[in-house]
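The data block below is coords_34.txt; it holds compact mmCIF, C-alpha atoms.
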```txt
# COMPACT_ATOMS: atom_id res chain seq x y z
CA MET A 1 93.94 67.74 -1.10
CA ARG A 2 93.03 65.64 -4.09
CA SER A 3 93.92 61.95 -4.18
CA GLU A 4 96.49 62.57 -6.92
CA GLU A 5 98.23 65.13 -4.68
CA VAL A 6 98.29 62.69 -1.76
CA ALA A 7 99.76 59.95 -3.95
CA ARG A 8 102.39 62.33 -5.33
CA TYR A 9 103.30 63.50 -1.83
CA LEU A 10 103.79 59.92 -0.59
CA GLN A 11 105.92 59.09 -3.64
CA ASP A 12 108.06 62.17 -3.06
CA ASN A 13 108.40 61.42 0.67
CA PRO A 14 109.18 57.69 1.04
CA LYS A 15 110.15 58.13 4.71
CA PHE A 16 106.66 59.31 5.66
CA PHE A 17 105.55 55.91 6.95
CA GLU A 18 108.85 55.38 8.76
CA GLU A 19 108.21 58.59 10.65
CA HIS A 20 104.55 57.63 11.26
CA ALA A 21 104.77 53.86 11.81
CA ASP A 22 101.79 53.88 14.19
CA LEU A 23 99.64 55.29 11.38
CA VAL A 24 100.29 52.23 9.20
CA SER A 25 99.16 49.82 11.93
CA ASN A 26 95.89 51.71 12.39
CA MET A 27 95.01 52.16 8.72
CA VAL A 28 92.36 49.88 7.21
CA VAL A 29 91.35 49.40 3.59
CA PRO A 30 88.61 47.38 1.87
CA HIS A 31 89.35 43.69 1.29
CA PRO A 32 89.54 43.23 -2.51
CA TYR A 33 87.37 40.08 -2.43
CA ALA A 34 85.63 39.57 0.94
CA GLY A 35 83.89 42.93 1.29
CA ARG A 36 85.32 43.67 4.72
CA THR A 37 88.09 45.96 5.97
CA ILE A 38 91.65 44.77 6.60
CA SER A 39 94.91 46.38 7.65
CA ILE A 40 97.05 47.96 5.01
CA THR A 41 99.78 45.38 5.77
CA GLU A 42 97.37 42.53 5.09
CA ARG A 43 96.29 44.26 1.89
CA GLN A 44 99.92 44.41 0.78
CA MET A 45 100.27 40.69 1.46
CA LEU A 46 97.21 39.95 -0.67
CA ALA A 47 98.61 42.09 -3.48
CA LEU A 48 101.91 40.21 -3.32
CA ARG A 49 100.10 36.87 -3.41
CA ASP A 50 98.13 38.00 -6.48
CA LYS A 51 101.32 39.13 -8.18
CA ASN A 52 103.01 35.81 -7.37
CA ARG A 53 100.08 33.90 -8.88
CA GLN A 54 100.34 35.99 -12.04
CA LEU A 55 104.08 35.35 -12.25
CA GLU A 56 103.52 31.62 -11.72
CA GLY A 57 100.98 31.66 -14.55
CA LYS A 58 103.42 33.45 -16.86
CA MET A 59 106.18 31.01 -15.93
CA GLY A 60 103.84 28.10 -16.68
CA GLU A 61 103.10 29.56 -20.12
CA LEU A 62 106.81 30.03 -20.86
CA LEU A 63 107.54 26.44 -19.82
CA GLN A 64 104.74 25.19 -22.04
CA PHE A 65 106.07 27.17 -25.01
CA ALA A 66 109.58 25.83 -24.34
CA GLU A 67 108.31 22.25 -24.25
CA GLU A 68 106.35 22.76 -27.49
CA ASN A 69 109.41 24.26 -29.20
CA ASP A 70 111.56 21.36 -28.00
CA ALA A 71 109.05 18.89 -29.44
CA ILE A 72 108.97 20.70 -32.80
CA GLY A 73 112.78 20.89 -32.78
CA GLU A 74 112.95 17.10 -32.31
CA LYS A 75 110.58 16.58 -35.24
CA MET A 76 112.61 18.92 -37.46
CA HIS A 77 115.75 17.03 -36.51
CA ARG A 78 114.18 13.70 -37.51
CA LEU A 79 113.05 15.19 -40.81
CA ALA A 80 116.53 16.62 -41.49
CA VAL A 81 118.15 13.23 -40.83
CA GLY A 82 115.63 11.56 -43.13
CA LEU A 83 116.34 14.03 -45.94
CA ILE A 84 120.10 13.54 -45.56
CA ILE A 85 119.68 9.76 -45.86
CA ALA A 86 117.34 9.99 -48.90
CA ARG A 87 119.32 9.25 -52.06
CA SER A 88 116.66 9.56 -54.77
CA PHE A 89 113.86 11.91 -55.77
CA GLN A 90 111.21 9.41 -54.71
CA ALA A 91 112.97 8.86 -51.38
CA VAL A 92 112.97 12.61 -50.68
CA LEU A 93 109.25 12.81 -51.53
CA HIS A 94 108.47 9.85 -49.29
CA THR A 95 110.47 11.36 -46.43
CA LEU A 96 108.71 14.72 -46.71
CA ASN A 97 105.25 13.18 -46.92
CA PHE A 98 105.85 10.72 -44.09
CA HIS A 99 107.24 13.24 -41.62
CA LEU A 100 104.84 16.07 -42.44
CA ARG A 101 101.77 13.85 -42.24
CA ASP A 102 102.75 11.47 -39.44
CA ASP A 103 105.08 13.58 -37.30
CA PHE A 104 103.63 17.07 -37.85
CA ALA A 105 100.02 15.95 -38.46
CA VAL A 106 99.65 17.99 -41.67
CA PRO A 107 96.81 16.19 -43.49
CA HIS A 108 97.58 17.38 -47.03
CA VAL A 109 101.00 17.92 -48.59
CA ALA A 110 101.69 18.84 -52.21
CA LEU A 111 104.82 19.96 -54.01
CA ARG A 112 105.62 21.48 -57.38
CA LEU A 113 108.98 21.97 -59.08
CA TRP A 114 109.51 24.35 -61.96
CA HIS A 115 112.12 22.44 -63.98
CA ARG A 116 111.09 19.04 -65.33
CA PRO A 117 113.83 16.44 -65.81
CA GLU A 118 113.53 13.81 -68.54
CA GLY A 119 111.16 10.95 -67.80
CA SER A 120 109.12 12.86 -65.23
CA ASP A 121 106.14 13.83 -67.41
CA GLU A 122 103.69 11.71 -65.44
CA LEU A 123 104.72 12.91 -62.00
CA PRO A 124 102.35 15.50 -60.44
CA GLU A 125 105.31 17.26 -58.81
CA PHE A 126 106.32 18.49 -62.27
CA ALA A 127 102.85 19.48 -63.47
CA GLU A 128 102.69 22.87 -65.14
CA VAL A 129 102.46 25.89 -62.85
CA SER A 130 101.30 29.32 -64.00
CA GLN A 131 103.74 32.15 -64.52
CA GLU A 132 101.75 34.18 -61.98
CA LEU A 133 102.31 31.60 -59.24
CA GLN A 134 106.00 31.29 -60.09
CA ALA A 135 106.32 35.08 -59.89
CA PHE A 136 104.47 35.03 -56.55
CA ALA A 137 106.90 32.40 -55.22
CA GLU A 138 109.81 34.60 -56.26
CA THR A 139 108.52 37.35 -53.98
CA LEU A 140 107.95 35.10 -50.95
CA THR A 141 110.64 35.90 -48.42
CA GLN A 142 108.39 34.36 -45.74
CA PRO A 143 105.83 31.55 -46.16
CA TYR A 144 102.26 32.54 -46.95
CA CYS A 145 99.69 31.30 -44.42
CA GLY A 146 95.98 31.80 -44.89
CA SER A 147 93.00 30.96 -47.07
CA THR A 148 93.15 28.87 -50.24
CA ALA A 149 90.73 31.23 -52.00
CA GLY A 150 92.11 32.59 -55.25
CA PHE A 151 95.14 30.26 -55.32
CA GLU A 152 95.65 27.59 -57.94
CA THR A 153 97.52 25.65 -55.27
CA SER A 154 94.17 24.53 -53.83
CA SER A 155 93.85 22.13 -56.78
CA TRP A 156 97.14 20.47 -55.85
CA PHE A 157 95.42 18.60 -53.02
CA GLY A 158 93.39 16.46 -55.44
CA GLU A 159 90.07 15.12 -54.16
CA ALA A 160 90.59 16.89 -50.82
CA SER A 161 90.77 20.31 -52.51
CA LEU A 162 87.09 21.11 -51.87
CA HIS A 163 87.57 20.60 -48.13
CA VAL A 164 90.90 22.37 -47.56
CA ARG A 165 90.25 25.70 -45.83
CA SER A 166 93.73 26.95 -44.92
CA GLN A 167 97.17 26.49 -46.39
CA GLY A 168 100.81 27.23 -45.90
CA LEU A 169 102.80 28.01 -49.06
CA ILE A 170 106.57 27.71 -48.83
CA ALA A 171 108.78 28.83 -51.70
CA MET A 172 111.84 26.63 -52.14
CA HIS A 173 114.92 28.71 -52.89
CA HIS A 174 118.22 27.15 -53.86
CA GLY A 175 121.02 29.67 -54.16
CA SER A 176 119.59 32.65 -56.01
CA ALA A 177 116.94 30.59 -57.81
CA THR A 178 113.43 29.59 -56.81
CA ILE A 179 113.02 25.92 -57.74
CA GLY A 180 109.47 25.22 -56.56
CA MET A 181 106.88 25.40 -53.82
CA ILE A 182 105.51 23.24 -51.02
CA ALA A 183 101.82 23.53 -50.15
CA LEU A 184 100.51 22.35 -46.78
CA GLY A 185 96.73 22.10 -46.47
CA SER A 186 94.20 21.62 -43.69
CA GLU A 187 90.43 21.48 -43.29
CA ASP A 188 90.86 23.62 -40.19
CA HIS A 189 90.47 27.36 -40.90
CA GLU A 190 92.91 28.16 -38.10
CA ARG A 191 95.67 25.65 -38.85
CA PHE A 192 97.50 28.08 -41.14
CA TYR A 193 96.57 31.68 -40.41
CA ALA A 194 97.95 35.12 -41.26
CA GLY A 195 100.44 36.29 -38.66
CA MET A 196 101.38 32.86 -37.33
CA GLY A 197 105.03 32.06 -36.64
CA THR A 198 106.82 30.74 -39.70
CA VAL A 199 110.36 30.02 -38.45
CA TYR A 200 109.97 26.27 -38.81
CA LEU A 201 108.22 26.59 -42.17
CA VAL A 202 111.19 28.60 -43.46
CA ARG A 203 113.55 25.86 -42.27
CA LEU A 204 111.35 23.23 -43.90
CA GLY A 205 111.62 25.07 -47.21
CA GLU A 206 115.39 25.40 -46.94
CA MET A 207 115.93 21.72 -46.07
CA SER A 208 113.55 20.50 -48.78
CA ALA A 209 115.13 22.69 -51.44
CA ALA A 210 118.62 21.46 -50.58
CA ALA A 211 117.56 17.80 -50.61
CA LEU A 212 115.65 18.10 -53.89
CA ALA A 213 118.40 20.06 -55.63
CA ARG A 214 120.87 17.32 -54.61
CA VAL A 215 118.87 14.38 -56.01
CA LEU A 216 117.81 16.18 -59.20
CA ARG A 217 121.29 17.20 -60.34
```

As structure tokens, the full file:
Amino acid sequence: MRSEEVARYLQDNPKFFEEHADLVSNMVVPHPYAGRTISITERQMLALRDKNRQLEGKMGELLQFAEENDAIGEKMHRLAVGLIIARSFQAVLHTLNFHLRDDFAVPHVALRLWHRPEGSDELPEFAEVSQELQAFAETLTQPYCGSTAGFETSSWFGEASLHVRSQGLIAMHHGSATIGMIALGSEDHERFYAGMGTVYLVRLGEMSAAALARVLR
């Protein structure tokens, strides 16, 4: 018989070892690590221990992810409270910059708004943005994460622009309108990468848009 046939027979006849209990006690198999032979019962125990170690490792990873998500959730909560308290445009900008740089360790933060209120000509947040970028923002249902190459947003980071290697672009939607964009930059190629999770970036865009729309009315 071939090994596949033996395996299929044992699967189809689960009572085989009950009927031949003495066979189990006499069977030996190679030790998976020590290079010697052991009983099949001992081999099963080793397999269970290996499986338990794998499960413990998976549980450790899940706990680590949960702790990281809790920490990010706390930071988002602090940012949300700060934006609620902010009563002016400058206060909202300060809150965003402070929390993103100090709490989230994002080294470069820039923001652009499409509609310029009176008296804001000198503010970089209302500097002119190309129609192409505005159209791109309109299509962003999820934040863009990746290289700065080919994006005019790289110039938003001022003197640091030459050193920024990855960015996160978050369109700010208020109601049915797109009112602007937030750009997050990093010298680290892997800080903002294609395929990364963007749940918190989406929330950042929603909170920022609501706060800015409120103070600019």

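Look at Leu96 of chain A: the protein and nucleic acid residues within 9 Å of it, using all atoms listed in the file and passing over chain neighbours fewer than 6 places away, are Leu79, Gly82, Leu83, Val109 and Ser208 of chain A.
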
For those residues, write C-alpha atoms to a file as a compact mmCIF listing (two decimals), in the coordinates of the input.
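The result, stored in part.txt:
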```
# COMPACT_ATOMS: atom_id res chain seq x y z
CA LEU A 79 113.05 15.19 -40.81
CA GLY A 82 115.63 11.56 -43.13
CA LEU A 83 116.34 14.03 -45.94
CA VAL A 109 101.00 17.92 -48.59
CA SER A 208 113.55 20.50 -48.78
```

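Atom pair atom CA of Leu162 of chain A / atom CA of Glu187 of chain A: separated by 9.2 Å.
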
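Reported to one decimal place, the separation of atom CA of Phe126 of chain A from atom CA of Arg203 of chain A is 22.5 Å.
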
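The spacing separating atom CA of Phe192 of chain A from atom CA of Arg165 of chain A amounts to 9.0 Å.
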
Neighbours of Thr141 of chain A within 12 Å (only C-alpha atoms; same-chain residues fewer than 5 positions away dropped), as a ChimeraX atom specification? /A:136,169-173,178,198-199,201-202,205-206

If you keep C-alpha atoms, can you produce a file of those selected residues as a PDB file, keeping the file's coordinate frame?
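See again-v4.pdb below for the written result:
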```pdb
ATOM      1  CA  PHE A 136     104.470  35.030 -56.550  1.00  0.00           C
ATOM      2  CA  LEU A 169     102.800  28.010 -49.060  1.00  0.00           C
ATOM      3  CA  ILE A 170     106.570  27.710 -48.830  1.00  0.00           C
ATOM      4  CA  ALA A 171     108.780  28.830 -51.700  1.00  0.00           C
ATOM      5  CA  MET A 172     111.840  26.630 -52.140  1.00  0.00           C
ATOM      6  CA  HIS A 173     114.920  28.710 -52.890  1.00  0.00           C
ATOM      7  CA  THR A 178     113.430  29.590 -56.810  1.00  0.00           C
ATOM      8  CA  THR A 198     106.820  30.740 -39.700  1.00  0.00           C
ATOM      9  CA  VAL A 199     110.360  30.020 -38.450  1.00  0.00           C
ATOM     10  CA  LEU A 201     108.220  26.590 -42.170  1.00  0.00           C
ATOM     11  CA  VAL A 202     111.190  28.600 -43.460  1.00  0.00           C
ATOM     12  CA  GLY A 205     111.620  25.070 -47.210  1.00  0.00           C
ATOM     13  CA  GLU A 206     115.390  25.400 -46.940  1.00  0.00           C
TER      14      GLU A 206
END
```

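Distance check against His99 of chain A using all atoms listed in the file: of A:Arg112, A:Arg2, A:His163, A:Arg78, the minimum falls on A:Arg78.
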
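Of the listed residues A:Ala71, A:Leu140, A:Leu113, A:Leu204, the one whose atoms come nearest to Glu128 of chain A is A:Leu113, with distances taken using all atoms listed in the file.
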
Excluding segment 143-154 of chain A and any residue of its chain fewer than 2 positions from it, enumerate the residues within 6 Å of it, using all atoms listed in the file, and give them as a list in words. Trp156, Ser161, Ser166, Gln167, Gly168, Leu169, Ile170, Phe192, Tyr193 and Ala194 of chain A

Dump as a PDB file, keeping the file's coordinate frame, selection limited to C-alpha atoms:
```
ATOM      1  CA  TRP A 156      97.140  20.470 -55.850  1.00  0.00           C
ATOM      2  CA  SER A 161      90.770  20.310 -52.510  1.00  0.00           C
ATOM      3  CA  SER A 166      93.730  26.950 -44.920  1.00  0.00           C
ATOM      4  CA  GLN A 167      97.170  26.490 -46.390  1.00  0.00           C
ATOM      5  CA  GLY A 168     100.810  27.230 -45.900  1.00  0.00           C
ATOM      6  CA  LEU A 169     102.800  28.010 -49.060  1.00  0.00           C
ATOM      7  CA  ILE A 170     106.570  27.710 -48.830  1.00  0.00           C
ATOM      8  CA  PHE A 192      97.500  28.080 -41.140  1.00  0.00           C
ATOM      9  CA  TYR A 193      96.570  31.680 -40.410  1.00  0.00           C
ATOM     10  CA  ALA A 194      97.950  35.120 -41.260  1.00  0.00           C
TER      11      ALA A 194
END
```

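With all atoms listed in the file as the atoms that count, the residue of A:Gly185, A:Gly180, A:Pro30, A:Gly197 with the shortest distance to Ser155 of chain A is A:Gly185.
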
Six-sided padding of 4 Å per side, axis-aligned box over segment 134-139 of chain A, centre and edges in Å, one decimal, as JSON:
```
{"center_x": 107.1, "center_y": 34.3, "center_z": -57.0, "size_x": 13.3, "size_y": 14.1, "size_z": 14.1}
```
